[in-house]
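Shown next: upload23.txt, given as compact mmCIF, C-alpha atoms.
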# COMPACT_ATOMS: atom_id res chain seq x y z
CA MET A 1393 53.08 58.49 -126.73
CA ILE A 1394 49.91 56.41 -126.48
CA ILE A 1395 46.60 57.97 -125.49
CA LYS A 1396 44.28 55.36 -124.04
CA ASN A 1397 40.65 55.28 -122.97
CA VAL A 1398 39.30 57.91 -125.40
CA LYS A 1399 36.58 58.24 -127.98
CA ALA A 1400 38.70 59.15 -131.01
CA TYR A 1401 37.25 61.17 -133.89
CA THR A 1402 38.29 59.39 -137.08
CA GLU A 1403 38.27 60.25 -140.78
CA ASP A 1404 34.82 58.69 -141.19
CA LYS A 1405 33.58 61.52 -138.91
CA VAL A 1406 32.43 59.35 -136.05
CA PHE A 1407 33.88 58.54 -132.61
CA HIS A 1408 35.51 55.17 -131.95
CA GLU A 1409 36.91 53.84 -128.71
CA LYS A 1410 40.54 53.25 -129.64
CA ASP A 1411 44.10 54.07 -128.63
CA ILE A 1412 45.86 56.96 -130.37
CA HIS A 1413 49.56 56.51 -131.15
CA ILE A 1414 52.00 59.41 -131.57
CA GLU A 1415 55.68 59.38 -132.44
CA ASN A 1416 58.05 62.16 -133.52
CA GLY A 1417 55.25 64.70 -133.47
CA LEU A 1418 53.02 62.73 -135.83
CA PHE A 1419 50.10 60.36 -135.49
CA CYS A 1420 51.17 56.79 -136.26
CA THR A 1421 49.79 53.27 -136.21
CA GLN A 1422 52.13 52.00 -133.49
CA SER A 1423 54.29 54.05 -131.13
CA SER A 1424 57.46 52.78 -129.49
CA GLU A 1425 57.56 55.69 -127.04
CA PRO A 1426 56.83 54.60 -123.45
CA GLU A 1427 54.77 57.65 -122.41
CA PHE A 1428 51.02 57.19 -122.20
CA ILE A 1429 48.03 59.32 -121.20
CA ASP A 1430 44.79 58.03 -119.71
CA GLY A 1431 42.05 59.94 -121.52
CA ASN A 1432 39.44 59.10 -118.88
CA GLY A 1433 36.74 58.56 -121.48
CA CYS A 1434 37.22 61.98 -123.14
CA TYR A 1435 36.45 62.82 -126.72
CA ALA A 1436 39.69 63.09 -128.73
CA ILE A 1437 39.40 65.49 -131.67
CA PRO A 1438 41.94 67.07 -134.02
CA GLY A 1439 43.29 70.53 -133.21
CA LEU A 1440 40.88 73.16 -134.50
CA ILE A 1441 41.71 75.46 -137.43
CA ASP A 1442 40.36 79.02 -137.47
CA LEU A 1443 40.62 80.49 -140.96
CA HIS A 1444 38.95 83.81 -140.13
CA PHE A 1445 39.63 85.71 -136.92
CA HIS A 1446 41.37 88.97 -136.03
CA GLY A 1447 42.83 88.50 -132.59
CA CYS A 1448 42.37 87.64 -128.92
CA GLY A 1449 43.77 88.41 -125.49
CA GLY A 1450 44.19 92.10 -126.25
CA TYR A 1451 46.17 91.54 -129.46
CA ASP A 1452 45.19 91.94 -133.12
CA PHE A 1453 46.82 90.48 -136.23
CA CYS A 1454 46.82 93.99 -137.72
CA ASP A 1455 48.99 95.26 -134.87
CA GLY A 1456 51.66 94.07 -137.28
CA THR A 1457 54.23 92.96 -134.68
CA PHE A 1458 55.99 89.71 -133.81
CA GLU A 1459 54.75 90.08 -130.22
CA ALA A 1460 51.11 90.29 -131.29
CA LEU A 1461 51.38 87.23 -133.55
CA ASP A 1462 53.25 85.22 -130.95
CA GLN A 1463 50.78 86.02 -128.17
CA ILE A 1464 47.81 85.28 -130.43
CA ALA A 1465 49.37 81.97 -131.50
CA GLN A 1466 49.97 80.88 -127.90
CA LEU A 1467 46.52 81.92 -126.68
CA GLU A 1468 44.81 80.20 -129.61
CA ALA A 1469 46.76 76.96 -129.09
CA ALA A 1470 45.87 76.93 -125.40
CA ALA A 1471 42.20 77.22 -126.45
CA GLY A 1472 42.53 74.19 -128.74
CA ILE A 1473 43.04 76.08 -132.01
CA THR A 1474 46.34 74.69 -133.29
CA GLY A 1475 46.17 76.12 -136.83
CA ILE A 1476 45.42 79.78 -137.57
CA CYS A 1477 44.70 81.91 -140.63
CA PRO A 1478 44.13 85.43 -139.26
CA ALA A 1479 42.25 88.08 -141.20
CA THR A 1480 43.18 91.60 -142.24
CA MET A 1481 40.94 94.64 -141.98
CA THR A 1482 40.36 97.42 -144.53
CA LEU A 1483 43.44 99.60 -144.00
CA PRO A 1484 45.74 101.70 -146.23
CA CYS A 1485 47.59 99.52 -148.76
CA ASP A 1486 51.06 100.38 -147.46
CA GLU A 1487 49.96 99.42 -143.94
CA LEU A 1488 48.51 96.13 -145.18
CA ILE A 1489 51.71 95.34 -147.04
CA GLN A 1490 53.74 95.88 -143.86
CA ILE A 1491 51.34 93.66 -141.86
CA LEU A 1492 51.65 90.91 -144.46
CA HIS A 1493 55.44 91.23 -144.56
CA ASN A 1494 55.57 91.00 -140.76
CA ALA A 1495 53.53 87.78 -140.89
CA ALA A 1496 55.81 86.29 -143.54
CA GLU A 1497 58.90 87.07 -141.43
CA TYR A 1498 57.23 85.65 -138.34
CA LYS A 1499 56.40 82.45 -140.22
CA LYS A 1500 60.03 82.08 -141.32
CA LYS A 1501 61.31 82.63 -137.80
CA MET A 1502 58.86 80.16 -136.27
CA SER A 1503 59.71 77.55 -138.91
CA ALA A 1504 63.41 77.95 -138.18
CA ASP A 1505 62.86 77.81 -134.41
CA SER A 1506 60.67 74.71 -134.78
CA SER A 1507 63.36 72.96 -136.81
CA ARG A 1508 65.88 73.60 -134.05
CA ALA A 1509 63.39 72.33 -131.45
CA SER A 1510 62.51 69.07 -133.22
CA GLY A 1511 59.34 70.47 -134.77
CA HIS A 1512 57.57 71.55 -131.58
CA LYS A 1513 56.38 74.95 -130.39
CA LYS A 1514 53.63 75.97 -128.00
CA GLY A 1515 51.88 78.40 -130.33
CA ALA A 1516 49.39 77.62 -133.08
CA ASP A 1517 50.84 77.22 -136.57
CA LEU A 1518 50.38 80.21 -138.87
CA ILE A 1519 48.88 78.44 -141.90
CA GLY A 1520 47.74 81.41 -143.94
CA ILE A 1521 46.15 84.86 -144.06
CA ASN A 1522 42.56 85.72 -144.94
CA MET A 1523 42.29 89.18 -146.56
CA GLU A 1524 38.85 90.46 -145.60
CA GLY A 1525 39.59 93.93 -146.99
CA PRO A 1526 40.17 96.31 -148.77
CA PHE A 1527 38.22 95.16 -151.89
CA ILE A 1528 34.78 95.42 -150.29
CA SER A 1529 31.54 97.39 -150.60
CA SER A 1530 30.88 100.58 -148.64
CA ALA A 1531 27.19 99.57 -148.51
CA LYS A 1532 28.09 96.44 -146.51
CA LYS A 1533 31.28 97.62 -144.80
CA GLY A 1534 30.18 96.52 -141.32
CA ALA A 1535 33.07 97.28 -138.96
CA GLN A 1536 35.50 98.13 -141.79
CA ASP A 1537 36.78 101.68 -142.35
CA ALA A 1538 35.07 103.01 -145.51
CA LYS A 1539 37.80 105.53 -146.35
CA HIS A 1540 40.27 102.76 -147.22
CA ILE A 1541 37.95 100.68 -149.45
CA LEU A 1542 39.21 99.98 -152.99
CA PRO A 1543 37.72 98.25 -156.06
CA CYS A 1544 39.33 94.85 -156.68
CA ASP A 1545 42.51 95.23 -158.70
CA ALA A 1546 44.85 92.42 -159.81
CA GLU A 1547 48.04 94.47 -159.56
CA THR A 1548 47.30 95.50 -155.97
CA ALA A 1549 46.29 91.95 -155.07
CA ARG A 1550 49.60 90.61 -156.38
CA GLN A 1551 51.45 93.14 -154.23
CA PHE A 1552 49.66 91.60 -151.24
CA LEU A 1553 50.57 88.08 -152.33
CA LYS A 1554 54.21 89.04 -152.78
CA ALA A 1555 54.43 90.84 -149.42
CA SER A 1556 53.03 87.77 -147.64
CA ASP A 1557 55.46 85.40 -149.37
CA GLY A 1558 52.51 83.21 -150.36
CA LEU A 1559 50.80 83.23 -146.95
CA VAL A 1560 47.66 84.97 -148.25
CA LYS A 1561 45.22 82.13 -148.94
CA PHE A 1562 41.98 84.14 -149.41
CA ILE A 1563 41.27 87.53 -150.93
CA GLY A 1564 37.76 88.85 -150.37
CA ILE A 1565 35.99 91.03 -152.91
CA ALA A 1566 32.69 92.79 -153.43
CA PRO A 1567 32.27 91.96 -157.13
CA GLU A 1568 29.87 94.82 -157.79
CA SER A 1569 32.67 97.29 -157.00
CA ASN A 1570 34.45 96.60 -160.30
CA PRO A 1571 32.69 95.84 -163.64
CA ASP A 1572 35.70 93.70 -164.63
CA TYR A 1573 35.43 91.42 -161.58
CA PRO A 1574 35.22 88.20 -163.68
CA ALA A 1575 38.58 89.06 -165.23
CA PHE A 1576 40.05 89.77 -161.79
CA ILE A 1577 38.86 86.37 -160.53
CA GLN A 1578 40.09 84.50 -163.61
CA GLN A 1579 43.53 86.14 -163.37
CA LEU A 1580 44.03 85.25 -159.70
CA LYS A 1581 42.03 82.08 -159.02
CA ASP A 1582 45.04 79.82 -159.59
CA GLU A 1583 47.15 81.86 -157.15
CA VAL A 1584 44.71 82.43 -154.28
CA ASN A 1585 41.15 81.58 -153.22
CA ILE A 1586 38.72 84.37 -154.10
CA SER A 1587 35.97 85.05 -151.54
CA LEU A 1588 32.84 87.14 -151.69
CA ALA A 1589 33.12 89.44 -148.68
CA HIS A 1590 31.21 92.49 -147.39
CA THR A 1591 29.27 92.63 -150.61
CA ASN A 1592 25.90 93.97 -151.73
CA ALA A 1593 25.88 91.74 -154.83
CA ASP A 1594 22.61 90.34 -156.12
CA TYR A 1595 22.14 86.68 -157.06
CA ASP A 1596 23.20 87.07 -160.71
CA THR A 1597 26.35 89.00 -159.87
CA ALA A 1598 27.35 86.50 -157.21
CA MET A 1599 26.68 83.56 -159.52
CA LYS A 1600 28.82 85.15 -162.22
CA ALA A 1601 31.65 85.50 -159.68
CA PHE A 1602 31.36 81.86 -158.61
CA GLU A 1603 31.22 80.71 -162.24
CA ALA A 1604 34.41 82.72 -162.90
CA GLY A 1605 36.19 80.79 -160.13
CA ALA A 1606 35.44 82.40 -156.76
CA ASP A 1607 35.07 79.57 -154.24
CA HIS A 1608 34.44 81.00 -150.79
CA ALA A 1609 31.91 83.13 -148.91
CA VAL A 1610 32.99 85.21 -145.92
CA HIS A 1611 30.78 84.94 -142.78
CA LEU A 1612 27.58 83.90 -144.56
CA TYR A 1613 24.53 86.07 -143.76
CA ASN A 1614 26.67 88.85 -142.30
CA ALA A 1615 27.66 91.88 -144.41
CA MET A 1616 25.61 90.74 -147.41
CA PRO A 1617 21.99 91.11 -148.62
CA PRO A 1618 19.38 89.00 -146.84
CA PHE A 1619 18.08 85.78 -148.40
CA THR A 1620 14.49 86.32 -149.54
CA HIS A 1621 12.14 84.39 -151.81
CA ARG A 1622 12.44 86.86 -154.72
CA GLN A 1623 15.97 88.14 -154.11
CA PRO A 1624 18.14 85.23 -152.92
CA GLY A 1625 21.34 87.29 -153.24
CA VAL A 1626 24.76 85.93 -152.33
CA ILE A 1627 23.29 83.28 -150.04
CA GLY A 1628 21.19 81.80 -152.83
CA ALA A 1629 24.18 81.85 -155.17
CA VAL A 1630 26.27 79.98 -152.59
CA ALA A 1631 23.52 77.37 -152.28
CA ASP A 1632 23.53 76.89 -156.07
CA SER A 1633 27.36 76.64 -156.33
CA PRO A 1634 28.51 73.23 -155.04
CA HIS A 1635 32.22 74.16 -155.14
CA VAL A 1636 31.83 77.11 -152.74
CA TYR A 1637 32.66 76.87 -149.03
CA ALA A 1638 30.77 79.13 -146.61
CA GLU A 1639 31.97 80.51 -143.28
CA LEU A 1640 29.56 80.54 -140.32
CA ILE A 1641 29.99 82.39 -137.01
CA CYS A 1642 28.23 80.20 -134.43
CA ASP A 1643 28.80 82.47 -131.43
CA GLY A 1644 25.10 82.80 -130.63
CA VAL A 1645 25.11 86.47 -131.68
CA HIS A 1646 25.73 86.65 -135.43
CA ILE A 1647 23.23 84.00 -136.62
CA HIS A 1648 20.05 82.63 -135.05
CA PRO A 1649 20.25 78.90 -134.21
CA SER A 1650 17.32 78.14 -136.53
CA VAL A 1651 19.19 79.75 -139.43
CA VAL A 1652 22.31 77.74 -138.62
CA ARG A 1653 20.29 74.51 -138.75
CA ALA A 1654 18.60 75.60 -142.00
CA THR A 1655 21.99 76.36 -143.54
CA PHE A 1656 23.19 72.83 -142.86
CA ARG A 1657 20.08 71.48 -144.59
CA MET A 1658 20.59 73.86 -147.53
CA LEU A 1659 24.34 73.48 -148.12
CA GLY A 1660 25.19 70.18 -146.47
CA ALA A 1661 27.83 69.81 -143.76
CA ASP A 1662 30.79 69.33 -146.13
CA ARG A 1663 30.73 72.97 -147.33
CA ILE A 1664 30.38 74.75 -143.99
CA VAL A 1665 33.41 76.14 -142.17
CA PHE A 1666 33.05 77.35 -138.61
CA ILE A 1667 34.98 80.54 -137.89
CA SER A 1668 35.17 82.73 -134.80
CA ASP A 1669 35.77 86.17 -136.40
CA SER A 1670 37.12 87.00 -132.94
CA MET A 1671 38.65 90.40 -132.22
CA ARG A 1672 41.23 91.39 -129.62
CA ALA A 1673 38.56 91.41 -126.90
CA ALA A 1674 38.17 87.61 -127.01
CA GLY A 1675 39.21 86.28 -123.63
CA MET A 1676 39.22 89.79 -122.14
CA PRO A 1677 36.87 91.66 -119.78
CA ASN A 1678 33.96 93.78 -121.00
CA GLY A 1679 35.03 97.24 -122.11
CA ARG A 1680 36.14 99.35 -125.07
CA TYR A 1681 38.59 97.99 -127.64
CA THR A 1682 39.61 98.73 -131.23
CA LEU A 1683 39.21 96.83 -134.50
CA GLY A 1684 40.73 98.17 -137.70
CA GLY A 1685 41.26 101.52 -136.03
CA LEU A 1686 37.60 101.82 -134.99
CA ASP A 1687 36.30 101.88 -131.42
CA VAL A 1688 34.30 98.84 -130.30
CA ASN A 1689 32.22 98.22 -127.18
CA VAL A 1690 32.23 94.65 -125.84
CA GLU A 1691 29.54 93.34 -123.52
CA GLY A 1692 29.52 89.58 -122.99
CA LYS A 1693 29.63 87.89 -126.39
CA ARG A 1694 28.52 91.01 -128.28
CA ALA A 1695 31.04 93.40 -129.89
CA THR A 1696 29.61 96.52 -131.56
CA LEU A 1697 30.99 99.68 -133.14
CA VAL A 1698 30.75 102.71 -130.90
CA SER A 1699 29.86 104.84 -133.94
CA ASP A 1700 26.75 103.05 -135.19
CA GLY A 1701 26.19 99.84 -133.23
CA SER A 1702 27.17 97.49 -136.09
CA LEU A 1703 28.46 94.07 -135.08
CA ALA A 1704 32.26 94.21 -134.99
CA GLY A 1705 33.54 90.66 -135.05
CA SER A 1706 33.04 88.39 -132.07
CA ALA A 1707 34.38 87.96 -128.56
CA SER A 1708 34.27 84.14 -128.74
CA SER A 1709 37.01 81.66 -129.64
CA LEU A 1710 36.45 78.96 -132.24
CA MET A 1711 36.26 76.37 -129.48
CA GLU A 1712 33.49 78.39 -127.82
CA CYS A 1713 31.69 78.61 -131.17
CA LEU A 1714 31.93 74.84 -131.63
CA ARG A 1715 30.55 74.31 -128.14
CA THR A 1716 27.71 76.78 -128.80
CA ALA A 1717 26.83 75.05 -132.08
CA VAL A 1718 26.48 71.72 -130.29
CA THR A 1719 24.87 72.73 -127.01
CA LEU A 1720 22.63 75.62 -128.11
CA MET A 1721 22.08 75.07 -131.84
CA ASP A 1722 21.57 71.28 -131.91
CA ILE A 1723 24.36 70.60 -134.40
CA PRO A 1724 25.68 67.04 -133.83
CA LEU A 1725 29.14 66.97 -132.26
CA GLU A 1726 30.52 64.85 -135.11
CA THR A 1727 29.32 67.45 -137.63
CA ALA A 1728 30.55 70.44 -135.64
CA VAL A 1729 34.02 68.93 -135.25
CA ALA A 1730 34.31 68.43 -139.03
CA CYS A 1731 33.32 72.06 -139.62
CA ALA A 1732 36.15 73.24 -137.36
CA THR A 1733 38.84 70.76 -138.46
CA VAL A 1734 38.32 68.80 -141.68
CA ASN A 1735 36.59 71.51 -143.72
CA PRO A 1736 38.94 74.40 -142.93
CA ALA A 1737 41.92 72.12 -143.60
CA LYS A 1738 40.49 71.27 -147.02
CA CYS A 1739 39.74 74.97 -147.70
CA LEU A 1740 43.34 75.85 -146.91
CA GLY A 1741 44.77 72.95 -148.91
CA VAL A 1742 46.45 71.38 -145.87
CA TYR A 1743 44.27 68.32 -145.27
CA ASP A 1744 47.21 66.10 -146.22
CA THR A 1745 49.07 67.20 -143.08
CA ARG A 1746 46.40 68.22 -140.53
CA GLY A 1747 42.68 68.26 -139.81
CA SER A 1748 42.21 64.61 -138.80
CA ILE A 1749 43.66 61.98 -136.50
CA THR A 1750 45.40 60.03 -139.24
CA ALA A 1751 48.78 58.28 -139.32
CA GLY A 1752 51.38 60.60 -140.85
CA LYS A 1753 49.59 63.85 -139.96
CA LYS A 1754 50.65 66.39 -137.34
CA ALA A 1755 49.79 65.16 -133.85
CA ASP A 1756 47.63 68.13 -132.81
CA LEU A 1757 44.85 66.89 -130.55
CA ILE A 1758 42.31 68.07 -127.98
CA LEU A 1759 40.74 66.02 -125.21
CA LEU A 1760 37.22 67.18 -124.32
CA ASP A 1761 35.12 65.93 -121.44
CA GLN A 1762 31.42 65.12 -121.79
CA SER A 1763 30.48 68.80 -121.34
CA LEU A 1764 32.96 69.70 -124.12
CA GLN A 1765 35.39 71.43 -121.78
CA ILE A 1766 39.09 71.11 -122.63
CA GLN A 1767 41.00 68.62 -120.50
CA ALA A 1768 44.23 68.64 -122.53
CA VAL A 1769 45.77 70.11 -125.68
CA ILE A 1770 48.51 68.21 -127.47
CA LYS A 1771 50.56 70.08 -130.06
CA ASP A 1772 53.11 68.29 -132.27
CA GLY A 1773 52.86 65.32 -129.94
CA VAL A 1774 53.62 67.34 -126.77
CA CYS A 1775 51.03 68.17 -124.10
CA ILE A 1776 50.93 71.98 -123.85
CA ARG A 1777 47.86 72.21 -121.61
Would you mind giving the structure from this file in structure tokens?
Amino acid sequence: MIIKNVKAYTEDKVFHEKDIHIENGLFCTQSSEPEFIDGNGCYAIPGLIDLHFHGCGGYDFCDGTFEALDQIAQLEAAAGITGICPATMTLPCDELIQILHNAAEYKKKMSADSSRASGHKKGADLIGINMEGPFISSAKKGAQDAKHILPCDAETARQFLKASDGLVKFIGIAPESNPDYPAFIQQLKDEVNISLAHTNADYDTAMKAFEAGADHAVHLYNAMPPFTHRQPGVIGAVADSPHVYAELICDGVHIHPSVVRATFRMLGADRIVFISDSMRAAGMPNGRYTLGGLDVNVEGKRATLVSDGSLAGSASSLMECLRTAVTLMDIPLETAVACATVNPAKCLGVYDTRGSITAGKKADLILLDQSLQIQAVIKDGVCIR
């Protein structure tokens, strides 16, 4: 396949007018396949990667079924998100273990089915799992169920890793919940990325966690202390830790556009990862839904707990967040694309196979018109939308 007449987003993070060649499901330098697509001047960007979301289309990752995962994967791919790393909620440990085991079995089945179908399937690839709970703080629980919160514990964490067959890529913790948190981080940092998540940690505690090897911050600004001039908290510690990636929800609800712009100036674009944090209501009508067993009201882009009005994830896809960042928050398109493709791929350790339009990588591609609306989605070299 050859895609002509497009502005292709390249590894130098700019757009170039060039042809894109695809063969055997991979980008290549020269394709012998006769098929070609006229891109009509569209932007051509890599398939997006969402490394923190809960569900969409009425389904949730924590439903713990093949059907839920398969529907989520297909809906995400159709929305231009070709790689997914769904997040868990704070649930009983035995329930989490079953959810993780279900995901591992689903991954095996999809891998086997893809091999029989020459590497192609319509759904997004399940790249990993982001464990947002249960090692969090009750003070910053947000939409998590407080009765299932636990202090971080290495033995329990390893049970999660085993149940997922290595799919768990991030484990979030509130370091203040366990005095031995540096030991926990040092024991596990070579097996999984450690995030600071739903935490009330002060600056010194957060810095100690990052110095011990934690390397990720879950939805920066949300479910953590505010950033002030005398108490910079987790946000200040992230700013002072160059190895730490930070998630941002650019749905227009969770963070003010001015704060998004300030965060780019503070951290630099290479450390920011756009996420959707979407719940099952994404792509659905307004109404009442559930998240982690808790009731949620959804009105437009805003999802809030029925019990106390706390924000409960988002109702926007990652593609919608990217579009919002560009059109309403004044983030340059080239920068926004990197934060939804290159940076999450690097976070997940898969930048060698996806995240850019580079010869040898998976041919996952989106064509966007000048208003950033999807005109086509190509997955493994096959047009699925």
Inset, instruction - For A:Asn1397, please output as a ChimeraX atom specification all residues within 12 Å (counting all atoms listed in the file; exclusion window: fewer than 6 positions along the same chain). - result: /A:1408-1412,1428-1436,1759
Export of prior selection with C-alpha atoms as an mmCIF file, in the frame of the given file:
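Saved as part-v9.cif:
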data_model
loop_
_atom_site.group_PDB
_atom_site.id
_atom_site.type_symbol
_atom_site.label_atom_id
_atom_site.label_comp_id
_atom_site.auth_asym_id
_atom_site.auth_seq_id
_atom_site.Cartn_x
_atom_site.Cartn_y
_atom_site.Cartn_z
ATOM 1 C CA HIS A 1408 35.510 55.170 -131.950
ATOM 2 C CA GLU A 1409 36.910 53.840 -128.710
ATOM 3 C CA LYS A 1410 40.540 53.250 -129.640
ATOM 4 C CA ASP A 1411 44.100 54.070 -128.630
ATOM 5 C CA ILE A 1412 45.860 56.960 -130.370
ATOM 6 C CA PHE A 1428 51.020 57.190 -122.200
ATOM 7 C CA ILE A 1429 48.030 59.320 -121.200
ATOM 8 C CA ASP A 1430 44.790 58.030 -119.710
ATOM 9 C CA GLY A 1431 42.050 59.940 -121.520
ATOM 10 C CA ASN A 1432 39.440 59.100 -118.880
ATOM 11 C CA GLY A 1433 36.740 58.560 -121.480
ATOM 12 C CA CYS A 1434 37.220 61.980 -123.140
ATOM 13 C CA TYR A 1435 36.450 62.820 -126.720
ATOM 14 C CA ALA A 1436 39.690 63.090 -128.730
ATOM 15 C CA LEU A 1759 40.740 66.020 -125.210
#
Inset, instruction - Write out as a PyMOL selection string each polymer residue whose atoms come within 8 Å of A:Gly1472, counting all atoms listed in the file; drop sequence neighbours fewer than 6 positions from it. - result: chain A and resi 1439-1440+1711+1757-1758+1766+1769
Inset, instruction - Would you list the contacts of A:Lys1405 as a list in words, taking every protein, DNA or RNA residue within 10 Å and counting only C-alpha atoms, but skipping same-chain residues closer than 5 positions in sequence? - result: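 The filter keeps Ala1400, Leu1725, Glu1726, Thr1727, Ala1728, Val1729, Ala1730, Val1734 and Ser1748 of chain A.
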Inset, instruction - Could you check how far atom CA of A:Ile1528 sits from atom CA of A:Thr1482, in Å to one decimal? - result: 8.3 Å
Legend entry - Atom pair atom CA of A:Leu1488 / atom CA of A:Thr1457: separation (Å): 12.4 Å
Check which residues of stretch 1701-1740 of chain A sit at most 10 Å from stretch 1687-1692 of chain A using all atoms listed in the file, and return one row each with the closest pair of atoms and their distance in Å to one decimal, ordered by chain and rising number, as CSV.
residue,atom,partner,partner_atom,distance
A:Gly1701,CA,A:Val1688,CA,8.7
A:Ser1702,CA,A:Val1688,CA,9.3
A:Leu1703,CA,A:Val1688,CA,8.9
A:Ala1704,CA,A:Val1688,CA,6.9
A:Gly1705,CA,A:Val1688,CA,9.5
A:Ser1706,CA,A:Val1690,CA,8.9
A:Ala1707,CA,A:Val1690,CA,7.5
A:Ser1708,CA,A:Gly1692,CA,9.2
Listed atoms of stretch 1718-1735 of chain A boxed axis-aligned with 6 Å per side, centre + edges as JSON:
{"center_x": 30.2, "center_y": 70.2, "center_z": -135.4, "size_x": 29.3, "size_y": 22.8, "size_z": 28.7}
Inset, instruction - Tell me, as a VMD selection string, which residues lie within 7 Å of A:Asn1494, counting only C-alpha atoms; anything in the same chain fewer than 4 positions away does not count. - result: chain A and resid 1456 to 1457 1490 1498
Legend entry - Using all atoms listed in the file: which of A:Gln1551, A:Asp1557, A:Gly1773, A:Lys1532 has the shortest distance to A:Glu1425: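 For A:Glu1425, the nearest of the given residues is A:Gly1773.
All protein, DNA and RNA residues at most 9 Å from (30.1, 90.4, -155.3) are Ile1528, Ser1529, Ile1565, Ala1566, Pro1567, Glu1568, Ser1569, Tyr1573, Ser1587, Leu1588, Ala1589, His1590, Thr1591, Asn1592, Ala1593, Asp1594, Tyr1595, Thr1597, Ala1598, Met1599, Lys1600, Ala1601 and Val1626 of chain A, using all atoms listed in the file.
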Inset, instruction - Would you mind reading off the distance between atom CA of A:Pro1724 and atom CA of A:Leu1764, one decimal, in Å? - result: 12.4 Å
Legend entry - Residue with smallest distance to A:Asp1462 - pool A:Pro1618, A:Gly1525, A:Gly1449, A:Pro1574, counting all atoms listed in the file: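 Going through A:Pro1618, A:Gly1525, A:Gly1449, A:Pro1574 one by one, the smallest distance to A:Asp1462 is for A:Gly1449.
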